[in-house]
Structures are given as structure tokens and as C-alpha cells.
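Right, one structure below, let's go through it.
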Amino acid sequence: MSNTKYIIGSFADPDDLMHGIEKLQANNISIYDCYTPMPIHGIEAKLGVRPSRLPIAAFCFGALGATLGFSLLYYTMAYDWPMNIGGKPSLPLPNFVPVTFECTILLCALGMVATFFFRNHLFPGRAPRVMDLRATDDRFILAVDARENTDHALVDRLLKEAGAVEVKYNERKYVSYE
Amino acid sequence: MSSHNESILREPLVTGKDITYAQITDDILLPVENKPNKAWWIGFIVAACGAMLWVISVGYTFWTGIGAWGLNKTVGWAWDITDFVWWVGIGHAGTLISAVLLLFRQNWRNSINRSAEAMTIFAVICAATYVVAHMGRPWLAYWIFPLPNQFGSLWVNFNSPLVWDAFAISTYFTVSLVFWYCGLLPDIASVRDRATGLRRRIYSILSFGWNGSVKTWQRFEIVSLILAGISTPLVLSVHTIVSFDFATSVIPGWHTTIFPPYFVAGAIFSGFAMVQTLLLILRKVLNFEHYITMFHIESMNKIIMVTGSIVGIAYLTELFIAWYSGSEYEMYAFANRVAGPYAWAYWSMMTCNVISPQLFWFKKIRTSIPISWVLSIVVNIGMWFERFVIIVTSLHRDYLPSSWAMFYPTWTDVGIFVGSIGLFFVLFLLFLRFLPGIAIAEVKLLLKSASLQHKTKLVQEGAFPEEQVEFFRESLDKYDSVTQEDINALRKK
């Protein structure tokens, strides 16, 4: 058949996109992914994307930060070189709260964001993998793998019925790099 | 949620007719994709002169030591710490807008959070320079961190609020930067996909390869929510710890338990005033009137009024507790503030911070752009005086009358302060030139729920009872970006 790799349904309205997802799913056509200029609420549930586990990572990094922060304070102030400051205790727990707290927040934030970048392969210099250049502007893109779903005419018709303003047949997966 | 219909009673957050998703991208990227206009250049040149003054003053301070400042042995902290606290406080509004308002689902934050967060970052940079400069030997600034060293590993004193402050400010700066940059990724990708050549390559690197897939957006939203959740206690802790710099000492006028909440309220107060100062100009110069509307301006004025009142109560509480404590020294410190040689500073503070924001009770004043702008500057001046009053008047007459002294700033003190404002504006103007000043993706979320255009459509379809529509029409009177024609269109067809 043709060299088409992906069929791209380009919608001008997020509600039409959701409608398109329903139509394709009703006809057992698998959806590769959607690319949108803004988050669409409820789309994950529709596509069966599982909830993110980043909150767990955030908690673990926060707990690690708290442990490391407190360990630093304990090691420096009470273990390695306890100082006699006006006869006050060398393990003054209330005084340890601010630094422990800041370490918790810092590690939680950095760890969570690093996990996010790692899992989504986001890093400076990564070549953008974009199927339609208007997906970051005003188009809501629905991509269908053309090799898995061979009835291209049906996909085309369903997308247009749902309100797609344009249906493209991409021979390359990503249009963003030459 | 894109098709979620909001109550008609809520004022629109995006005005204008025929606004599309493409229109939003075009409008917001206009200053980024085109050569800057004359207003930008004039602003930039003036700011750059200020920044030069800052470089000269800070350079002179580093060369000669902090003897270049007007400090004496009685007043050991003056303009430097005043300016430091002033800048840190200003920074707090950015985090408040981006984090606290996100947690409370206040959608009006969507079009102001980006520039407010940028303001936070630049304000904290300005603040941090004072701390480093005040160390006297800035090349040893890293001594504040617990690094193993050749003195047999003599650690820093973790009982000291100054060490806590170093941790708090650096954490605050890092987390704010990460929060801001994560939010920027989708918008940088928008610039990238419209650009060509070298610009495209640069924005491509900056965009980290963002593609806007379902999973990316899902994780992005979770990251934003959790960052907001942890930034909220963080921002409270930062100014609390800044207040500990004073409150944990035994100086009358500083040693009070009211300081943490009082400082946090003051920080939000001054921060919102600075956001107001910047946004009122920005919306005019960059034609963002449809995105930063009168509703945003009025909301911010209300916050200024509330926090200004909290600050006012704190001032009065301080006076009452000074009297009620029965402590002779405490009473003297406050009597000296009110009627001593620095009474002019105290009463400037009282006028600017307590009396002037009360004018915002009047709707006419709250929705007047020129008055809001002037009052926002007045608040900024007042908040500078607040820190000056707290720091200098508490120190200049200490326990030993023979060492009482006055503080007189030198040209270096003034140069560093005026220069830091220049530095701030250089950074802010560069930000507006190269990065989207409004969060594009977040404003797009409002188009099909909170925009005037969407609400007009629903009204024309007859989705709301007439008395609610009437209320809505009346609420549009204050908008400068809504024409009579727009209001007339709000009829059932």
C-alpha cells in the first residue's frame, strides 16, 4: 500500500478532538497519541492513560531530603564537632526545623522534576518529536498509526465526521526535523 | 474541562471579539517574534544605566570593603539589609500567584503568573547580591554553607538564623526557577514551532524537546500541582526565616513573636504592589489588555487592601504590646520610632502602608488604572520605609546612650539601591523580549470557559436567566477593554 506511517487528524476545537477519540474507539481503531497546545482534562481517562505516579516519587524525594537534612545537622552539630554555645544543648531540635524543612522542599522539587524530565525524555538539546507543527499553536492533533489500522478511508471519514478540519497522511513519523 | 460552562455571574478573564487559539498565540508572542519597539529600548537603556550604577557601586564596595557604606558601630545594619528584605518581600507575590492561587483554583492567575514568577526570580537575584556584598569578603561567601574545610572541619552554626536564611533563600530561588521554567516549556515549544533558522535551534534547545503529548501534559499538571503545594509552605517559611534574622535577637523592637506573620503579610503586600506596577505598564505597552483585564487589576487591588490592613493591625499590635509588656526598653524603642529623630520615616511608613491602601475600599479607585499605579508605587515606598524603620530605628539608640548615633547613607548605599532597581528592570525587559510574558497554554484553557466571547455565545443561546445576565452586563462596566457594542451583544437571540 502507500507509504503512510501516521494519519493525523487536526482539530480546531478540543471538544471535537474528544468527539473524534470516541468515534475512533467505537470503531476499534487504536489511537497512537494526541498532541495539544494545552492540557485537556479528562483525555487521559478516555485514552486509558494510567494516573501518573510522580506524586510517589515526590514523596520519596521529600523523605530523602528530610533524612539527609537532619543527618547533616546531627552530624555537624551533635556528632562531629559539638560546640558549647552558652551551655545550650548541642542537639537543639527546634533549631533544626528550618534547615530540615528547606532540604525536604529542595530535594522534593528537584527530584520530582528530574523524574518528570527523565521519564518524558526532556532535556536541553533533545530534538523535538513533533507530528504537526501547529500542535503547539492552535491545532489539536490526533495521531493514528497507519500500519496498525489499515482501513484508511474509514479513519479519514470518522475524523472528518467528528469535525477534523484537516486530515494528513504523514510518510514520516515526525515532521519537526529534516 | 474545556467545555465546562462557568457561571455567568463570574466576570470574564479574557475579553475581545473573535479570539481564537491562534489569536492568543499571535498576541502573546508579538513582542517575542518582532523587533522591540521604542518604549522597550527607552526602558532598556534607562535600566541599563541603572545596572551600570549598580556594577560601579558594588565594585567599589568590594574594592574598599563595606566601610564604603554609611554604617557605624551602632548602626551595623542599614540600607543593605533594608534593601535585601524589600527585594525578598517583592519576590513573594510571584510565588503566591503561581502557587497559592493555583491551589485555590483561581483562574485569574493564568494570565499574570508568568510575569509575576519572573519578577520573583529577578527580585531574589537582587536580594541575594546584598547578602553577598554585606559579607565584606564576597569571595568567601561559600563559607555560609557546611562544606568540609581545613580548619579541622569547623562547621557553620546551625543555631543561627543567618545560616537558615542562606538555606531558605537558596532553596526558594532554586524551586522558583524550576517552577517557572517547567511552566515555560510548552510556551517555548510554541515559539520554536513557529520560528525558523537559528532562532528555531535556540528555542529548540530551550524547549527540552517538548511535544505536548497526553502523557507529557498529564505529568506536567501533576508536577505543577505538587510544586505549588510545596512552594506554598516554602514561601511562608522564607519570609518567616527572614523575620527570624531580627526576631531571634535581643534588640528591643526586633525581639517579638509577631514578626513571622507580620513579615509574610508585608511581603505579599509589597509583592502585589510591584506586580501591579509592572503589569499596568506591561498590558498597555504590549497590548495585553484583553488578557490582563480590569478584573485582574481589581483583584490584585483587593489583595493589596487586605494585606495592607493586616500590616496595619500588626503595626498597632506592636505598639500595644510594647506598652503592655511593661518593658522599659521595649517602650522606649517604640516611643523613639513614633516621636524620635526618625519619626518622619515612621510616619511615611504609616501613611503609605496603612492609610493609602484603604482608598481601595472605593470601587472607583480600585478600578482606576492611573490611581492604582500611583498607589502601587506608594506601597512600594512605604514597604521600603517599613524595613528601614524596623532596622535603623531599633539600632540607632541602643542600651548605652553614649553610643547613640544616626545613620547617613553614602553615595555607595544609594547607588547600590537605585542600581539594583536598574538591574531588576534589565532582567525583566530581557525576559519580555525573549520569552512569552503570559502563559500561553494556560490562557488557552480559559478561552472556552471564562472568556467574554464564550459567555456572549451562551447568553445568545439563552443559557442563563435574564437577571443573571443583567448582573453580568453591569459587572462589565469597569472593563476598559470591553466596548458598549460587546455589552449590547449580550442579549438572547
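Simple scheme: letters A, B, ... for chains in C-alpha cells order, numbers from 1 for residues in each chain, numbers from 1 for ligands in the order shown.
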Any idea what's packed within 10 Å of range 240-248 of chain B, counting only C-alpha atoms, ignoring anything in its chain fewer than 3 positions away? Could you give it as an NGL selection string? (:A and (98)) or (:B and (84-85 or 88-89 or 160-169 or 234-237 or 251-264 or 390-391))
Just the selected residues (N, CA and C atoms), exported as a CSV table (one decimal), in the first residue's frame, please.
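The result, written out as selection36.csv:
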```csv
chain,number,residue,atom,x,y,z
A,98,PRO,N,14.0,24.6,60.6
A,98,PRO,CA,14.1,25.3,59.3
A,98,PRO,C,15.0,24.7,58.3
B,84,PHE,N,17.6,44.3,51.1
B,84,PHE,CA,17.5,42.8,50.9
B,84,PHE,C,16.1,42.4,51.3
B,85,VAL,N,15.6,42.8,52.4
B,85,VAL,CA,14.3,42.3,52.8
B,85,VAL,C,13.2,42.9,51.9
B,88,VAL,N,13.4,40.6,48.7
B,88,VAL,CA,12.8,39.3,49.0
B,88,VAL,C,11.3,39.4,49.1
B,89,GLY,N,10.8,40.4,49.8
B,89,GLY,CA,9.4,40.5,50.0
B,89,GLY,C,8.7,40.7,48.7
B,160,SER,N,22.1,29.5,64.0
B,160,SER,CA,22.0,30.9,63.6
B,160,SER,C,20.9,31.1,62.5
B,161,PRO,N,20.0,32.0,62.7
B,161,PRO,CA,19.0,32.3,61.7
B,161,PRO,C,19.7,32.8,60.4
B,162,LEU,N,20.9,33.3,60.4
B,162,LEU,CA,21.5,33.8,59.2
B,162,LEU,C,21.9,32.6,58.3
B,163,VAL,N,22.2,31.5,59.0
B,163,VAL,CA,22.5,30.2,58.2
B,163,VAL,C,21.2,29.7,57.7
B,164,TRP,N,20.2,29.7,58.5
B,164,TRP,CA,18.8,29.3,58.0
B,164,TRP,C,18.4,30.1,56.8
B,165,ASP,N,18.7,31.4,56.8
B,165,ASP,CA,18.4,32.3,55.8
B,165,ASP,C,19.1,31.9,54.5
B,166,ALA,N,20.3,31.5,54.6
B,166,ALA,CA,21.1,31.1,53.4
B,166,ALA,C,20.4,29.9,52.8
B,167,PHE,N,20.0,28.9,53.6
B,167,PHE,CA,19.3,27.8,53.1
B,167,PHE,C,18.0,28.1,52.5
B,168,ALA,N,17.2,29.0,53.2
B,168,ALA,CA,15.9,29.3,52.8
B,168,ALA,C,15.9,30.1,51.4
B,169,ILE,N,16.8,31.1,51.3
B,169,ILE,CA,16.8,31.9,50.1
B,169,ILE,C,17.3,31.0,48.9
B,234,LEU,N,6.8,26.8,51.5
B,234,LEU,CA,8.2,27.3,51.3
B,234,LEU,C,8.2,28.9,51.3
B,235,VAL,N,7.2,29.5,50.6
B,235,VAL,CA,7.2,30.9,50.6
B,235,VAL,C,6.9,31.5,52.0
B,236,LEU,N,6.1,30.8,52.7
B,236,LEU,CA,5.8,31.3,54.1
B,236,LEU,C,7.1,31.1,54.9
B,237,SER,N,7.8,30.0,54.7
B,237,SER,CA,9.0,29.7,55.6
B,237,SER,C,10.0,30.8,55.3
B,251,ILE,N,17.3,42.6,70.6
B,251,ILE,CA,17.2,44.0,70.4
B,251,ILE,C,15.7,44.4,70.6
B,252,PRO,N,15.5,45.4,71.5
B,252,PRO,CA,14.1,45.9,71.6
B,252,PRO,C,13.6,46.4,70.3
B,253,GLY,N,12.4,46.0,69.9
B,253,GLY,CA,11.8,46.4,68.6
B,253,GLY,C,12.0,45.3,67.6
B,254,TRP,N,12.9,44.4,67.9
B,254,TRP,CA,13.1,43.2,67.0
B,254,TRP,C,12.6,41.9,67.6
B,255,HIS,N,12.8,41.9,68.9
B,255,HIS,CA,12.5,40.6,69.6
B,255,HIS,C,11.0,40.4,69.9
B,256,THR,N,10.3,40.2,68.8
B,256,THR,CA,8.8,40.0,69.0
B,256,THR,C,8.3,38.8,68.3
B,257,THR,N,7.3,38.1,68.9
B,257,THR,CA,6.8,36.9,68.2
B,257,THR,C,5.9,37.2,67.1
B,258,ILE,N,5.5,38.4,66.9
B,258,ILE,CA,4.6,38.8,65.8
B,258,ILE,C,5.3,38.8,64.5
B,259,PHE,N,6.6,38.8,64.5
B,259,PHE,CA,7.3,39.1,63.3
B,259,PHE,C,7.0,38.2,62.1
B,260,PRO,N,7.0,36.8,62.3
B,260,PRO,CA,6.8,36.0,61.1
B,260,PRO,C,5.5,36.3,60.3
B,261,PRO,N,4.3,36.3,61.0
B,261,PRO,CA,3.1,36.6,60.1
B,261,PRO,C,3.1,38.0,59.6
B,262,TYR,N,3.6,38.9,60.4
B,262,TYR,CA,3.7,40.3,60.0
B,262,TYR,C,4.6,40.5,58.8
B,263,PHE,N,5.7,39.8,58.8
B,263,PHE,CA,6.6,39.9,57.6
B,263,PHE,C,6.0,39.3,56.4
B,264,VAL,N,5.4,38.1,56.6
B,264,VAL,CA,4.8,37.4,55.4
B,264,VAL,C,3.7,38.3,54.8
B,390,ILE,N,12.2,49.5,60.9
B,390,ILE,CA,12.5,48.3,61.8
B,390,ILE,C,14.0,48.2,62.1
B,391,ILE,N,14.8,48.3,61.0
B,391,ILE,CA,16.2,48.1,61.2
B,391,ILE,C,16.9,49.3,61.9
```
Hey, could you make a per-residue contact list for chain B against chain A with 7 Å as the cut-off, showing the nearest pair of atoms and its distance in Å to one decimal, counting only C-alpha atoms, sorted by chain and number, as a tab-separated table?
```
residue	atom	partner	partner_atom	distance
B:Met1	CA	A:His41	CA	5.2
B:Ser2	CA	A:Ile40	CA	6.7
B:Ser3	CA	A:Asp15	CA	6.7
B:Tyr21	CA	A:Asp138	CA	4.9
B:Ala22	CA	A:Asp138	CA	5.0
B:Thr25	CA	A:Asp137	CA	6.3
B:Trp155	CA	A:Thr76	CA	6.2
B:Asn159	CA	A:Asn95	CA	5.7
B:Trp164	CA	A:Val99	CA	5.8
B:Phe167	CA	A:Val99	CA	6.4
B:Ala168	CA	A:Glu102	CA	6.0
B:Thr171	CA	A:Leu106	CA	5.7
B:Val175	CA	A:Ala109	CA	6.4
B:Ala189	CA	A:Thr136	CA	6.5
B:Ser190	CA	A:Thr136	CA	4.9
B:Asp193	CA	A:Leu133	CA	5.6
B:Ser204	CA	A:Gly125	CA	6.7
B:Ile205	CA	A:Gly125	CA	4.2
B:Leu206	CA	A:Pro124	CA	5.9
B:Ser207	CA	A:Pro124	CA	7.0
B:Phe208	CA	A:Pro124	CA	4.4
B:Gly209	CA	A:Pro128	CA	4.0
B:Trp210	CA	A:Pro128	CA	6.2
B:Asn211	CA	A:Val130	CA	5.8
B:Gly212	CA	A:Tyr35	CA	5.0
B:Ser213	CA	A:Tyr35	CA	4.4
B:Val214	CA	A:Cys34	CA	5.8
B:Thr216	CA	A:Asn120	CA	6.5
B:Trp217	CA	A:Pro39	CA	5.5
B:Arg219	CA	A:Ser52	CA	6.2
B:Val223	CA	A:Val113	CA	6.9
B:Leu227	CA	A:Ala109	CA	6.4
B:Ile230	CA	A:Ile105	CA	6.4
B:Ala441	CA	A:Met38	CA	4.8
B:Glu442	CA	A:Met38	CA	6.9
B:Lys444	CA	A:Met38	CA	6.7
B:Leu445	CA	A:Met38	CA	6.7
```
Please save N, CA and C atoms of the selected residues as a CSV table (one decimal), in the first residue's frame.
```csv
chain,number,residue,atom,x,y,z
B,1,MET,N,-12.8,19.5,30.6
B,1,MET,CA,-13.0,20.8,31.3
B,1,MET,C,-13.1,21.9,30.3
B,2,SER,N,-12.6,21.6,29.1
B,2,SER,CA,-12.6,22.7,28.1
B,2,SER,C,-14.0,23.1,27.8
B,3,SER,N,-15.0,22.2,27.9
B,3,SER,CA,-16.3,22.6,27.6
B,3,SER,C,-17.1,22.9,28.8
B,21,TYR,N,-7.6,30.3,19.3
B,21,TYR,CA,-6.4,29.8,19.9
B,21,TYR,C,-5.2,30.4,19.2
B,22,ALA,N,-5.3,30.6,17.9
B,22,ALA,CA,-4.2,31.1,17.1
B,22,ALA,C,-4.0,32.6,17.5
B,25,THR,N,-2.0,32.9,20.6
B,25,THR,CA,-0.5,32.7,20.4
B,25,THR,C,0.1,33.9,19.7
B,155,TRP,N,32.3,23.4,61.5
B,155,TRP,CA,31.1,23.6,60.7
B,155,TRP,C,30.4,24.9,61.0
B,159,ASN,N,22.5,27.0,64.6
B,159,ASN,CA,21.6,27.6,65.5
B,159,ASN,C,21.3,29.1,65.0
B,164,TRP,N,20.2,29.7,58.5
B,164,TRP,CA,18.8,29.3,58.0
B,164,TRP,C,18.4,30.1,56.8
B,167,PHE,N,20.0,28.9,53.6
B,167,PHE,CA,19.3,27.8,53.1
B,167,PHE,C,18.0,28.1,52.5
B,168,ALA,N,17.2,29.0,53.2
B,168,ALA,CA,15.9,29.3,52.8
B,168,ALA,C,15.9,30.1,51.4
B,171,THR,N,17.1,27.8,48.6
B,171,THR,CA,16.1,26.8,48.2
B,171,THR,C,14.9,27.5,47.4
B,175,VAL,N,13.8,26.5,43.7
B,175,VAL,CA,12.4,26.0,43.5
B,175,VAL,C,11.6,26.9,42.6
B,189,ALA,N,8.1,25.9,23.4
B,189,ALA,CA,7.8,25.0,22.2
B,189,ALA,C,6.9,25.7,21.2
B,190,SER,N,6.0,26.5,21.6
B,190,SER,CA,5.2,27.3,20.7
B,190,SER,C,6.1,28.2,19.9
B,193,ASP,N,8.2,26.1,17.3
B,193,ASP,CA,7.5,25.6,16.1
B,193,ASP,C,7.1,26.6,15.2
B,204,SER,N,14.7,25.5,20.3
B,204,SER,CA,14.6,24.0,20.4
B,204,SER,C,15.4,23.5,21.6
B,205,ILE,N,16.6,24.0,21.8
B,205,ILE,CA,17.4,23.6,22.9
B,205,ILE,C,16.6,24.0,24.2
B,206,LEU,N,16.1,25.2,24.2
B,206,LEU,CA,15.5,25.7,25.5
B,206,LEU,C,14.2,24.9,25.8
B,207,SER,N,13.5,24.4,24.7
B,207,SER,CA,12.2,23.7,24.9
B,207,SER,C,12.4,22.3,25.4
B,208,PHE,N,13.6,21.8,25.5
B,208,PHE,CA,13.9,20.4,26.1
B,208,PHE,C,13.2,19.4,25.2
B,209,GLY,N,12.7,19.7,24.0
B,209,GLY,CA,12.1,18.7,23.2
B,209,GLY,C,10.6,18.5,23.5
B,210,TRP,N,10.0,19.5,24.1
B,210,TRP,CA,8.6,19.4,24.5
B,210,TRP,C,7.7,19.1,23.2
B,211,ASN,N,6.7,18.1,23.4
B,211,ASN,CA,5.9,17.8,22.3
B,211,ASN,C,4.4,17.9,22.6
B,212,GLY,N,4.0,18.1,23.8
B,212,GLY,CA,2.6,18.2,24.1
B,212,GLY,C,1.7,17.0,24.0
B,213,SER,N,2.3,15.8,24.2
B,213,SER,CA,1.5,14.6,24.1
B,213,SER,C,0.7,14.4,25.4
B,214,VAL,N,-0.2,13.5,25.4
B,214,VAL,CA,-1.1,13.3,26.5
B,214,VAL,C,-0.4,13.1,27.8
B,216,THR,N,2.7,13.7,28.5
B,216,THR,CA,3.5,14.9,28.9
B,216,THR,C,2.7,15.9,29.7
B,217,TRP,N,1.5,16.2,29.1
B,217,TRP,CA,0.6,17.1,29.8
B,217,TRP,C,0.1,16.6,31.1
B,219,ARG,N,1.7,14.6,33.2
B,219,ARG,CA,2.8,14.7,34.2
B,219,ARG,C,3.0,16.2,34.5
B,223,VAL,N,3.1,17.8,38.2
B,223,VAL,CA,4.3,18.5,38.6
B,223,VAL,C,4.0,19.9,39.1
B,227,LEU,N,4.4,21.1,42.8
B,227,LEU,CA,5.3,22.3,43.1
B,227,LEU,C,4.6,23.4,43.8
B,230,ILE,N,4.2,22.5,47.5
B,230,ILE,CA,5.4,22.6,48.3
B,230,ILE,C,5.9,24.1,48.3
B,441,ALA,N,-0.3,28.6,27.1
B,441,ALA,CA,-1.1,27.4,27.3
B,441,ALA,C,-2.2,27.6,28.3
B,442,GLU,N,-1.9,28.3,29.4
B,442,GLU,CA,-2.9,28.4,30.5
B,442,GLU,C,-4.0,29.4,30.1
B,444,LYS,N,-5.1,29.7,27.0
B,444,LYS,CA,-5.9,29.0,26.1
B,444,LYS,C,-7.0,28.2,26.8
B,445,LEU,N,-6.6,27.7,28.1
B,445,LEU,CA,-7.6,27.0,28.8
B,445,LEU,C,-8.8,27.8,29.2
```
Write out as a ChimeraX atom specification all residues of range 110-347 of chain B that DSSP puts in helix (DSSP H, G or I) for this structure's backbone. /B:110-111,113-134,138-144,161-194,197-206,214-247,259-285,294-325,328-339,343-347
Just the residues within 8 Å of Leu429 in chain B, please, counting only C-alpha atoms, with nothing from its chain fewer than 6 positions along; format it as a list in words. Trp40, Gly43 and Phe44 of chain B
Restrict the selected residues to N, CA and C atoms and save them as a PDB file, in the first residue's frame.
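What follows is the written file out00.pdb:
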```
ATOM      1  N   TRP B  40      10.351  49.896  24.560  1.00  0.00           N
ATOM      2  CA  TRP B  40      11.232  48.882  25.139  1.00  0.00           C
ATOM      3  C   TRP B  40      12.665  49.391  25.190  1.00  0.00           C
ATOM      4  N   GLY B  43      13.138  52.081  27.853  1.00  0.00           N
ATOM      5  CA  GLY B  43      13.165  51.426  29.155  1.00  0.00           C
ATOM      6  C   GLY B  43      14.458  50.677  29.380  1.00  0.00           C
ATOM      7  N   PHE B  44      14.904  49.980  28.340  1.00  0.00           N
ATOM      8  CA  PHE B  44      16.098  49.158  28.495  1.00  0.00           C
ATOM      9  C   PHE B  44      17.331  50.021  28.722  1.00  0.00           C
TER      10      PHE B  44
END
```
Between CA of Asp413 in chain B and CA of Gly70 in chain B - distance in Å to one decimal: 7.2 Å
Measure the distance from CA of Ser10 in chain A to CA of Val191 in chain B in Å and round it to one decimal.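 A separation of 19.5 Å between them.
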